[in-house]
>>> print(open('final27.cif').read())   # mmCIF, C-alpha atoms and all ligand atoms
data_final
loop_
_atom_site.label_atom_id
_atom_site.label_comp_id
_atom_site.auth_asym_id
_atom_site.auth_seq_id
_atom_site.Cartn_x
_atom_site.Cartn_y
_atom_site.Cartn_z
CA MET A 1 -81.27 8.38 -21.96
CA SER A 2 -83.29 10.88 -24.11
CA GLU A 3 -83.76 10.46 -27.87
CA ARG A 4 -81.70 13.56 -28.54
CA GLN A 5 -78.41 12.92 -30.29
CA ARG A 6 -75.49 13.02 -27.89
CA VAL A 7 -72.44 15.27 -27.90
CA PHE A 8 -69.13 14.98 -26.07
CA SER A 9 -66.15 17.28 -25.82
CA GLY A 10 -63.25 17.89 -23.46
CA MET A 11 -60.64 20.48 -22.57
CA GLN A 12 -57.33 20.11 -20.77
CA PRO A 13 -56.68 22.01 -17.53
CA THR A 14 -53.18 22.93 -18.67
CA GLY A 15 -53.20 26.71 -18.62
CA LYS A 16 -55.34 29.76 -19.01
CA ILE A 17 -58.34 29.59 -21.30
CA HIS A 18 -58.17 31.93 -24.30
CA ILE A 19 -60.35 33.24 -27.09
CA GLY A 20 -59.15 30.42 -29.39
CA ASN A 21 -60.68 27.87 -27.00
CA LEU A 22 -63.85 29.95 -26.93
CA MET A 23 -64.18 30.50 -30.68
CA GLY A 24 -63.04 27.02 -31.75
CA ALA A 25 -64.84 24.91 -29.18
CA LEU A 26 -66.64 26.43 -26.18
CA SER A 27 -69.08 28.52 -28.21
CA ASN A 28 -70.35 25.33 -29.86
CA TRP A 29 -70.41 23.55 -26.48
CA VAL A 30 -72.86 26.25 -25.38
CA SER A 31 -75.01 26.43 -28.52
CA MET A 32 -75.30 22.65 -28.90
CA GLN A 33 -77.07 22.47 -25.55
CA GLU A 34 -80.22 23.60 -27.35
CA GLU A 35 -80.59 20.54 -29.54
CA TYR A 36 -78.40 17.81 -28.14
CA SER A 37 -77.83 15.89 -24.99
CA THR A 38 -74.43 17.36 -24.09
CA ILE A 39 -71.59 15.90 -22.04
CA TYR A 40 -68.40 17.85 -21.31
CA ASN A 41 -65.19 17.02 -19.49
CA VAL A 42 -62.26 18.64 -17.82
CA VAL A 43 -59.82 16.05 -19.17
CA ASP A 44 -57.45 15.89 -16.23
CA LEU A 45 -55.97 12.48 -17.18
CA HIS A 46 -54.88 13.92 -20.51
CA ALA A 47 -53.24 16.89 -18.76
CA MET A 48 -50.98 14.51 -16.81
CA THR A 49 -49.16 13.50 -20.00
CA THR A 50 -46.93 16.59 -19.75
CA PRO A 51 -45.00 17.67 -16.62
CA TYR A 52 -47.10 19.42 -13.92
CA ASP A 53 -47.18 20.47 -10.30
CA PRO A 54 -49.92 18.72 -8.22
CA ALA A 55 -50.94 21.81 -6.22
CA ASP A 56 -51.30 23.96 -9.35
CA PHE A 57 -53.04 21.12 -11.12
CA ARG A 58 -55.68 20.80 -8.39
CA GLN A 59 -56.53 24.50 -8.77
CA GLN A 60 -56.39 24.46 -12.58
CA ARG A 61 -58.92 21.65 -12.72
CA ILE A 62 -61.39 23.73 -10.72
CA ASN A 63 -60.60 26.93 -12.59
CA LEU A 64 -61.31 25.31 -15.93
CA ALA A 65 -64.61 23.87 -14.69
CA LYS A 66 -65.57 27.33 -13.48
CA MET A 67 -64.68 28.90 -16.81
CA ILE A 68 -66.71 26.34 -18.75
CA ILE A 69 -69.74 27.31 -16.65
CA ALA A 70 -68.92 31.03 -16.96
CA VAL A 71 -69.06 30.90 -20.78
CA GLY A 72 -72.55 29.41 -20.63
CA VAL A 73 -72.39 25.63 -20.20
CA ASP A 74 -75.35 25.07 -17.90
CA PRO A 75 -74.90 22.19 -15.46
CA ASP A 76 -78.67 21.76 -15.35
CA ARG A 77 -78.70 21.01 -19.07
CA SER A 78 -75.29 19.40 -19.64
CA LEU A 79 -73.21 16.86 -17.80
CA LEU A 80 -69.90 18.46 -16.81
CA TYR A 81 -67.41 16.38 -14.86
CA PHE A 82 -63.74 15.56 -14.27
CA GLN A 83 -62.66 12.75 -16.59
CA SER A 84 -60.81 11.02 -13.70
CA ASP A 85 -64.08 10.71 -11.72
CA VAL A 86 -65.51 8.20 -14.20
CA ALA A 87 -63.11 5.25 -14.30
CA GLU A 88 -64.74 3.77 -17.41
CA HIS A 89 -62.83 6.27 -19.57
CA ALA A 90 -59.58 4.55 -18.58
CA GLU A 91 -61.11 1.07 -18.76
CA LEU A 92 -62.34 1.53 -22.33
CA THR A 93 -58.93 2.97 -23.25
CA TRP A 94 -57.35 -0.40 -22.58
CA ILE A 95 -59.79 -2.28 -24.78
CA LEU A 96 -59.35 0.23 -27.62
CA SER A 97 -55.58 0.22 -27.21
CA VAL A 98 -55.29 -3.44 -28.13
CA MET A 99 -56.85 -2.62 -31.49
CA THR A 100 -54.80 0.52 -32.23
CA PRO A 101 -51.88 0.12 -34.65
CA MET A 102 -48.65 1.71 -33.36
CA GLY A 103 -48.02 3.22 -36.81
CA GLN A 104 -51.20 5.26 -36.62
CA LEU A 105 -50.17 6.76 -33.27
CA GLU A 106 -46.69 7.48 -34.61
CA ARG A 107 -48.24 9.67 -37.31
CA MET A 108 -50.00 12.00 -34.85
CA THR A 109 -48.54 15.49 -35.33
CA GLN A 110 -49.56 16.64 -31.81
CA TYR A 111 -47.60 13.76 -30.30
CA LYS A 112 -44.47 14.72 -32.20
CA GLU A 113 -44.79 18.40 -31.21
CA LYS A 114 -45.43 17.67 -27.53
CA ALA A 115 -42.81 14.94 -27.25
CA ASP A 116 -40.22 17.32 -28.72
CA LYS A 117 -41.06 19.94 -26.10
CA ALA A 118 -41.96 17.94 -22.99
CA GLY A 119 -40.35 14.54 -23.52
CA GLN A 120 -41.89 11.20 -24.42
CA ASN A 121 -43.97 8.91 -22.23
CA LEU A 122 -46.38 6.08 -22.93
CA GLY A 123 -49.41 8.14 -21.86
CA LEU A 124 -48.53 10.92 -24.29
CA PHE A 125 -48.11 8.35 -27.06
CA SER A 126 -51.48 6.73 -26.36
CA TYR A 127 -53.22 10.09 -25.71
CA PRO A 128 -55.46 9.73 -28.81
CA VAL A 129 -56.74 6.36 -27.57
CA LEU A 130 -57.87 7.90 -24.27
CA MET A 131 -59.50 10.67 -26.29
CA ALA A 132 -61.31 8.09 -28.43
CA ALA A 133 -62.49 6.38 -25.24
CA ASP A 134 -63.82 9.73 -23.90
CA ILE A 135 -65.93 10.11 -27.01
CA LEU A 136 -67.01 6.49 -27.40
CA ILE A 137 -67.80 5.79 -23.74
CA HIS A 138 -71.06 7.75 -24.11
CA ARG A 139 -71.67 6.56 -27.68
CA VAL A 140 -72.00 10.14 -28.90
CA HIS A 141 -72.78 11.39 -32.40
CA ALA A 142 -70.93 14.71 -32.52
CA VAL A 143 -67.80 16.31 -31.08
CA PRO A 144 -67.35 20.11 -31.11
CA VAL A 145 -63.62 20.92 -31.34
CA GLY A 146 -61.19 23.25 -33.11
CA ASP A 147 -59.26 22.27 -36.24
CA ASP A 148 -56.23 21.01 -34.31
CA GLN A 149 -58.22 17.96 -33.17
CA THR A 150 -58.95 16.68 -36.71
CA GLN A 151 -56.40 13.85 -36.61
CA HIS A 152 -57.62 12.75 -33.18
CA LEU A 153 -61.19 12.61 -34.43
CA GLU A 154 -60.11 10.53 -37.41
CA ILE A 155 -58.46 7.94 -35.20
CA THR A 156 -61.59 7.88 -33.01
CA ARG A 157 -63.77 7.18 -36.04
CA ASP A 158 -61.35 4.47 -37.24
CA LEU A 159 -61.42 2.79 -33.85
CA ALA A 160 -65.21 2.89 -33.69
CA GLU A 161 -65.44 1.35 -37.17
CA ARG A 162 -62.82 -1.26 -36.43
CA PHE A 163 -64.58 -2.25 -33.21
CA ASN A 164 -68.01 -2.44 -34.88
CA ASN A 165 -66.66 -4.51 -37.80
CA ARG A 166 -64.94 -6.98 -35.54
CA PHE A 167 -67.38 -7.28 -32.64
CA GLY A 168 -70.76 -5.97 -33.90
CA GLU A 169 -72.36 -2.52 -33.88
CA VAL A 170 -71.79 -0.82 -30.55
CA PHE A 171 -70.62 2.69 -31.45
CA PRO A 172 -72.10 5.45 -33.62
CA ILE A 173 -69.38 6.99 -35.83
CA PRO A 174 -68.93 10.48 -34.34
CA GLU A 175 -68.77 13.63 -36.48
CA ARG A 176 -66.36 16.48 -35.85
CA ILE A 177 -68.14 19.84 -35.51
CA SER A 178 -65.98 22.93 -36.08
CA PRO A 179 -67.12 26.52 -36.58
CA GLU A 180 -66.72 28.30 -39.93
CA ILE A 181 -65.02 31.22 -38.24
CA GLY A 182 -62.53 30.62 -35.45
CA ALA A 183 -61.71 26.93 -35.90
CA ARG A 184 -58.04 27.91 -35.81
CA VAL A 185 -57.32 31.19 -34.06
CA MET A 186 -53.70 32.26 -34.45
CA SER A 187 -51.26 33.85 -32.01
CA LEU A 188 -51.47 37.65 -31.86
CA GLN A 189 -47.68 37.79 -32.00
CA ASP A 190 -47.11 35.20 -34.72
CA PRO A 191 -49.99 34.64 -37.13
CA PHE A 192 -48.28 31.47 -38.42
CA SER A 193 -48.67 29.62 -35.14
CA LYS A 194 -51.83 28.65 -33.30
CA MET A 195 -52.95 30.59 -30.24
CA SER A 196 -51.98 28.25 -27.43
CA LYS A 197 -52.52 27.92 -23.66
CA SER A 198 -48.84 27.15 -23.19
CA ASP A 199 -47.45 30.16 -25.10
CA ALA A 200 -44.80 31.82 -22.91
CA ASN A 201 -45.41 35.21 -24.57
CA THR A 202 -48.40 36.64 -22.67
CA LYS A 203 -49.07 39.12 -25.48
CA ALA A 204 -49.85 36.27 -27.88
CA THR A 205 -53.18 35.23 -26.31
CA VAL A 206 -56.29 37.01 -25.06
CA LEU A 207 -57.47 35.18 -21.95
CA LEU A 208 -61.07 34.93 -20.85
CA THR A 209 -59.93 36.36 -17.50
CA ASP A 210 -58.20 39.43 -19.02
CA THR A 211 -59.34 42.93 -18.04
CA THR A 212 -60.48 45.48 -20.61
CA ASP A 213 -57.18 47.28 -20.23
CA GLN A 214 -55.15 44.12 -20.87
CA ILE A 215 -57.28 43.23 -23.91
CA MET A 216 -56.89 46.71 -25.42
CA LYS A 217 -53.10 46.55 -24.99
CA LYS A 218 -52.75 43.05 -26.39
CA ILE A 219 -54.85 43.66 -29.49
CA LYS A 220 -53.29 47.06 -30.17
CA SER A 221 -49.86 45.41 -30.13
CA ALA A 222 -50.94 42.46 -32.30
CA VAL A 223 -48.60 41.83 -35.24
CA THR A 224 -50.08 43.09 -38.51
CA ASP A 225 -48.84 42.76 -42.05
CA THR A 226 -47.04 44.96 -44.54
CA GLY A 227 -49.19 47.52 -46.32
CA SER A 228 -52.05 49.38 -44.69
CA GLU A 229 -55.20 47.93 -46.20
CA VAL A 230 -57.53 45.83 -44.05
CA ALA A 231 -58.30 42.79 -46.24
CA PHE A 232 -59.31 39.17 -45.60
CA ASP A 233 -56.47 37.28 -47.25
CA TRP A 234 -54.79 34.53 -45.23
CA ASP A 235 -51.89 34.16 -47.71
CA ASN A 236 -50.81 37.77 -47.79
CA LYS A 237 -52.38 39.24 -44.65
CA PRO A 238 -52.44 36.53 -41.98
CA GLY A 239 -52.23 38.94 -39.01
CA VAL A 240 -55.10 41.09 -40.25
CA SER A 241 -57.15 38.04 -41.30
CA ASN A 242 -56.81 36.58 -37.82
CA LEU A 243 -57.97 39.85 -36.27
CA LEU A 244 -60.88 40.00 -38.72
CA GLU A 245 -62.07 36.56 -37.60
CA ILE A 246 -61.77 37.57 -33.95
CA PHE A 247 -63.56 40.88 -34.58
CA SER A 248 -66.30 39.11 -36.53
CA TYR A 249 -66.88 36.57 -33.75
CA PHE A 250 -67.13 39.17 -31.00
CA SER A 251 -69.14 41.76 -32.95
CA GLY A 252 -71.50 39.30 -34.60
CA ARG A 253 -70.81 41.09 -37.91
CA THR A 254 -69.72 39.36 -41.11
CA ILE A 255 -66.14 39.64 -42.32
CA ASP A 256 -67.34 41.31 -45.56
CA ASP A 257 -69.15 43.92 -43.53
CA LEU A 258 -66.06 44.65 -41.42
CA VAL A 259 -63.80 44.82 -44.48
CA ALA A 260 -66.22 47.24 -46.14
CA GLU A 261 -66.05 49.54 -43.13
CA TYR A 262 -62.34 49.29 -42.24
CA ALA A 263 -60.56 48.60 -45.59
CA THR A 264 -58.91 52.03 -45.68
CA ALA A 265 -59.33 53.10 -42.05
CA GLY A 266 -55.74 52.22 -41.12
CA TYR A 267 -54.55 49.38 -38.89
CA GLY A 268 -54.54 51.49 -35.72
CA HIS A 269 -58.20 52.43 -35.95
CA PHE A 270 -59.18 48.89 -36.99
CA LYS A 271 -57.36 47.35 -34.02
CA VAL A 272 -58.96 49.69 -31.48
CA ALA A 273 -62.44 48.83 -32.80
CA ALA A 274 -61.65 45.09 -32.72
CA ALA A 275 -60.23 45.37 -29.19
CA GLU A 276 -63.35 47.15 -27.96
CA ALA A 277 -65.60 44.41 -29.34
CA VAL A 278 -63.48 41.70 -27.70
CA ALA A 279 -63.37 43.52 -24.35
CA GLU A 280 -67.14 43.93 -24.40
CA GLY A 281 -67.62 40.21 -25.09
CA ILE A 282 -65.16 39.06 -22.42
CA ALA A 283 -66.40 41.29 -19.55
CA PRO A 284 -69.52 39.24 -18.68
CA ILE A 285 -67.55 35.97 -18.88
CA ARG A 286 -64.86 37.31 -16.54
CA GLU A 287 -67.50 38.57 -14.11
CA ALA A 288 -69.38 35.26 -14.08
CA TYR A 289 -66.09 33.43 -13.51
CA GLU A 290 -65.10 35.66 -10.62
CA GLY A 291 -68.52 35.31 -8.99
CA MET A 292 -68.35 31.52 -8.57
CA SER A 293 -66.88 29.69 -5.58
CA ASP A 294 -64.69 26.59 -5.82
CA ALA A 295 -67.05 24.67 -3.53
CA GLU A 296 -70.09 25.40 -5.68
CA VAL A 297 -68.27 24.16 -8.78
CA SER A 298 -66.96 20.99 -7.09
CA ALA A 299 -70.49 20.06 -6.04
CA VAL A 300 -71.77 20.43 -9.60
CA MET A 301 -68.92 18.31 -10.95
CA SER A 302 -69.63 15.43 -8.55
CA THR A 303 -73.35 15.38 -9.27
CA SER A 304 -72.70 15.16 -13.01
CA ALA A 305 -70.06 12.45 -12.58
CA GLU A 306 -72.59 10.26 -10.78
CA LYS A 307 -75.01 10.60 -13.71
CA ALA A 308 -72.26 10.02 -16.26
CA LYS A 309 -71.23 6.79 -14.54
CA VAL A 310 -74.61 5.30 -15.39
CA SER A 311 -74.24 6.01 -19.10
CA ALA A 312 -70.58 4.89 -19.10
CA ALA A 313 -71.42 1.64 -17.32
CA GLU A 314 -74.10 0.87 -19.93
CA THR A 315 -71.54 1.21 -22.72
CA MET A 316 -68.96 -0.88 -20.85
CA SER A 317 -71.47 -3.62 -20.42
CA LEU A 318 -72.14 -3.69 -24.18
CA VAL A 319 -68.40 -3.56 -24.90
CA LYS A 320 -67.54 -6.34 -22.47
CA GLY A 321 -70.30 -8.50 -23.88
CA ALA A 322 -69.07 -7.88 -27.43
CA VAL A 323 -65.40 -8.68 -26.75
CA GLY A 324 -66.01 -11.73 -24.57
CA LEU A 325 -65.33 -10.24 -21.15
CA ASP A 326 -68.81 -10.96 -19.78
P1 LIG A 401 -57.28 21.49 -25.71
O1 LIG A 401 -57.46 21.50 -24.23
O2 LIG A 401 -55.93 21.74 -26.26
O3 LIG A 401 -58.23 22.57 -26.37
C1 LIG A 401 -59.60 22.61 -26.08
C2 LIG A 401 -60.40 22.98 -27.31
O4 LIG A 401 -60.02 24.27 -27.81
C3 LIG A 401 -59.72 24.15 -29.19
N1 LIG A 401 -58.63 25.09 -29.48
C4 LIG A 401 -58.66 26.01 -30.44
N2 LIG A 401 -59.61 26.33 -31.34
C5 LIG A 401 -59.34 27.35 -32.20
N3 LIG A 401 -58.17 28.03 -32.19
C6 LIG A 401 -57.18 27.75 -31.32
N4 LIG A 401 -56.06 28.45 -31.32
C7 LIG A 401 -57.42 26.69 -30.39
N5 LIG A 401 -56.67 26.14 -29.39
C8 LIG A 401 -57.42 25.17 -28.85
C9 LIG A 401 -59.28 22.71 -29.38
O5 LIG A 401 -59.44 22.31 -30.72
C10 LIG A 401 -60.20 21.99 -28.45
O6 LIG A 401 -61.45 21.73 -29.06
N6 LIG A 401 -57.24 16.68 -27.02
C11 LIG A 401 -58.11 17.77 -26.60
C12 LIG A 401 -58.89 17.49 -25.34
C13 LIG A 401 -59.75 16.26 -25.37
C14 LIG A 401 -60.95 16.09 -26.12
C15 LIG A 401 -61.42 14.79 -25.77
C16 LIG A 401 -61.65 16.89 -27.02
C17 LIG A 401 -59.55 15.13 -24.65
N7 LIG A 401 -60.57 14.23 -24.89
C18 LIG A 401 -62.58 14.28 -26.35
C19 LIG A 401 -62.81 16.36 -27.59
C20 LIG A 401 -63.28 15.08 -27.26
C21 LIG A 401 -57.24 18.97 -26.33
O7 LIG A 401 -56.08 18.89 -26.03
O8 LIG A 401 -57.89 20.14 -26.31
#
>>> encode(input="final27.cif", output="structure tokens")
Amino acid sequence: MSERQRVFSGMQPTGKIHIGNLMGALSNWVSMQEEYSTIYNVVDLHAMTTPYDPADFRQQRINLAKMIIAVGVDPDRSLLYFQSDVAEHAELTWILSVMTPMGQLERMTQYKEKADKAGQNLGLFSYPVLMAADILIHRVHAVPVGDDQTQHLEITRDLAERFNNRFGEVFPIPERISPEIGARVMSLQDPFSKMSKSDANTKATVLLTDTTDQIMKKIKSAVTDTGSEVAFDWDNKPGVSNLLEIFSYFSGRTIDDLVAEYATAGYGHFKVAAAEAVAEGIAPIREAYEGMSDAEVSAVMSTSAEKAKVSAAETMSLVKGAVGLD
């Protein structure tokens, strides 16, 4: 393996990919390719922890892989594969699970939220251990994710430290990498809840497959706040602040610059300008996505999985040696 520091991240094939996924995670997946040795996953085993239909699931796995490539992850520079194709992810999960306190898993807020909605199961409960195994199996140094993954990264770091203290240094302690703008993009219809793949209200999310017309409509109907001034103030203007972050990301302009231009322009005018910037940024992604065939993407995924197996097997051999399974 090269001397570059290594990066891992994953995304679940559980719905349509939206601008929150792009701003919080995928944009760093792309930019980190410049300096790091990057490894990315469609985490299909994680997606099985909530109810699903196998035929849809098969297609969603491919669609997500395609979208990851469409936003700029280059399979010649990064490894991109289906988590389930490299069995070591599941194997390391077992070894980490015997050193994970139940109490720590019980405190995971994402578990509580998902169990309330979709029902409990053992896989959902131990989800963070599989996520830790994803990250540790390639002994990576950094993990680009949105803010909602903070607790999961903490448990990963704890497990790495606990393993190293007990069995000797095997794992680097991975750092969470989140962007300054867009680490937590909120719903367009409710600025107090996170933009989410599973939101039933289609007006709440802008998808990376949306047409210009759809994007214009969604952003124009985004919930704004009382008053008429465009200001960056999460406490008093959460709807406008969310739109300012989105506008800033897609226009490449600073929030101060946008506020200076639109402070008194009125919400209507501000939203049209923001929508145009988003539509312009999404168009090339949508076109790249539509131009790719399923077969082409499957081939890329298998080639990467073969390479990833080599790195994963190296780690498993160190782990097995350390714990006495050799
Ligand atoms: P997932 O599939 O829910 O989301 C994928 C990535 O998108 C980020 N994200 C957001 N960022 C900003 N604003 C939002 N509204 C928003 N919604 C989602 C997430 O933070 C994430 O980075 N548990 C992970 C998948 C996973 C993983 C891993 C990640 C499994 N193994 C190993 C990193 C490393 C998840 O459910 O992401």
>>> closest_residue(input="final27.cif", among="A:Leu130, A:Ala275, A:Val319, A:Gln5", to="Ala87 of chain A", atoms="all atoms listed in the file")
A:Leu130
>>> atom_distance(input="final27.cif", atom1="atom CA of Gly182 of chain A", atom2="atom N4 of ligand LIG 401 (chain A)")
8.0 Å
>>> residues_near_point(input="final27.cif", point="(-45.4, 45.5, -33.2)", cutoff="12 Å", atoms="all atoms listed in the file", output="list in words")
Leu188, Gln189, Asp190, Lys203, Ala204, Lys217, Lys218, Ile219, Lys220, Ser221, Ala222, Val223, Thr224, Asp225, Thr226, Gly239, Tyr267 and Gly268 of chain A
>>> residues_around(input="final27.cif", residues="Asp199 of chain A", least_positions_apart="6", cutoff="10 Å", atoms="all atoms listed in the file", output="list of chain:residue names")
A:Gly15, A:Lys16, A:Ser187, A:Thr205
>>> residues_around(input="final27.cif", residues="Lys197 of chain A", least_positions_apart="2", cutoff="10 Å", atoms="only C-alpha atoms", output="short mmCIF file (atom, residue, chain, number, x, y, z; two decimals) with C-alpha atoms, keeping the file's coordinate frame")
data_model
loop_
_atom_site.label_atom_id
_atom_site.label_comp_id
_atom_site.auth_asym_id
_atom_site.auth_seq_id
_atom_site.Cartn_x
_atom_site.Cartn_y
_atom_site.Cartn_z
CA GLN A 12 -57.33 20.11 -20.77
CA PRO A 13 -56.68 22.01 -17.53
CA THR A 14 -53.18 22.93 -18.67
CA GLY A 15 -53.20 26.71 -18.62
CA LYS A 16 -55.34 29.76 -19.01
CA ILE A 17 -58.34 29.59 -21.30
CA HIS A 18 -58.17 31.93 -24.30
CA GLY A 20 -59.15 30.42 -29.39
CA ASN A 21 -60.68 27.87 -27.00
CA LYS A 194 -51.83 28.65 -33.30
CA MET A 195 -52.95 30.59 -30.24
CA ASP A 199 -47.45 30.16 -25.10
CA ALA A 200 -44.80 31.82 -22.91
CA THR A 202 -48.40 36.64 -22.67
CA ALA A 204 -49.85 36.27 -27.88
CA THR A 205 -53.18 35.23 -26.31
CA VAL A 206 -56.29 37.01 -25.06
CA LEU A 207 -57.47 35.18 -21.95
#
>>> residues_around(input="final27.cif", residues="Glu34 of chain A", least_positions_apart="4", cutoff="12 Å", atoms="only C-alpha atoms", output="ChimeraX atom specification")
/A:4-7,28-30,38,72-74,77-78
>>> residues_around(input="final27.cif", residues="Trp94 of chain A", least_positions_apart="3", cutoff="10 Å", atoms="all atoms listed in the file", output="PyMOL selection string")
chain A and resi 88-91+97-99+126+129-130+133
>>> residues_around(input="final27.cif", residues="Pro144 of chain A", least_positions_apart="3", cutoff="10 Å", atoms="only C-alpha atoms", output="list of chain:residue names")
A:Val7, A:Phe8, A:Ser9, A:Gly10, A:Gly24, A:Ala25, A:Leu26, A:Ser27, A:Asn28, A:Trp29, A:Met32, A:Asp147, A:Gln149, A:Glu175, A:Arg176, A:Ile177, A:Ser178, A:Pro179
>>> atom_distance(input="final27.cif", atom1="atom CA of Asn63 of chain A", atom2="atom CA of Leu80 of chain A")
13.3 Å
>>> closest_residue(input="final27.cif", among="A:Lys114, A:Lys320, A:Lys307, A:Arg157", to="Pro75 of chain A", atoms="only C-alpha atoms")
A:Lys307
>>> closest_residue(input="final27.cif", among="A:Phe82, A:Phe171, A:Tyr262, A:Tyr36", to="ligand LIG 401 (chain A)", atoms="all atoms listed in the file")
A:Phe82
>>> closest_residue(input="final27.cif", among="A:Pro172, A:Pro54, A:Gly119, A:Pro128", to="ligand LIG 401 (chain A)", atoms="only C-alpha atoms and all ligand atoms")
A:Pro128
>>> atom_distance(input="final27.cif", atom1="atom CA of Ser311 of chain A", atom2="atom C20 of ligand LIG 401 (chain A)")
16.4 Å
>>> closest_residue(input="final27.cif", among="A:Thr50, A:Thr211, A:Ser193, A:Asn164", to="Glu290 of chain A", atoms="all atoms listed in the file")
A:Thr211
>>> closest_residue(input="final27.cif", among="A:Arg184, A:Lys117, A:Arg166, A:Arg58", to="ligand LIG 401 (chain A)", atoms="all atoms listed in the file")
A:Arg184
>>> axis_aligned_box(input="final27.cif", around="segment 70-80 of chain A", padding_each_side="8 Å", output="JSON")
{"center_x": -73.8, "center_y": 23.9, "center_z": -18.1, "size_x": 25.8, "size_y": 30.2, "size_z": 21.4}
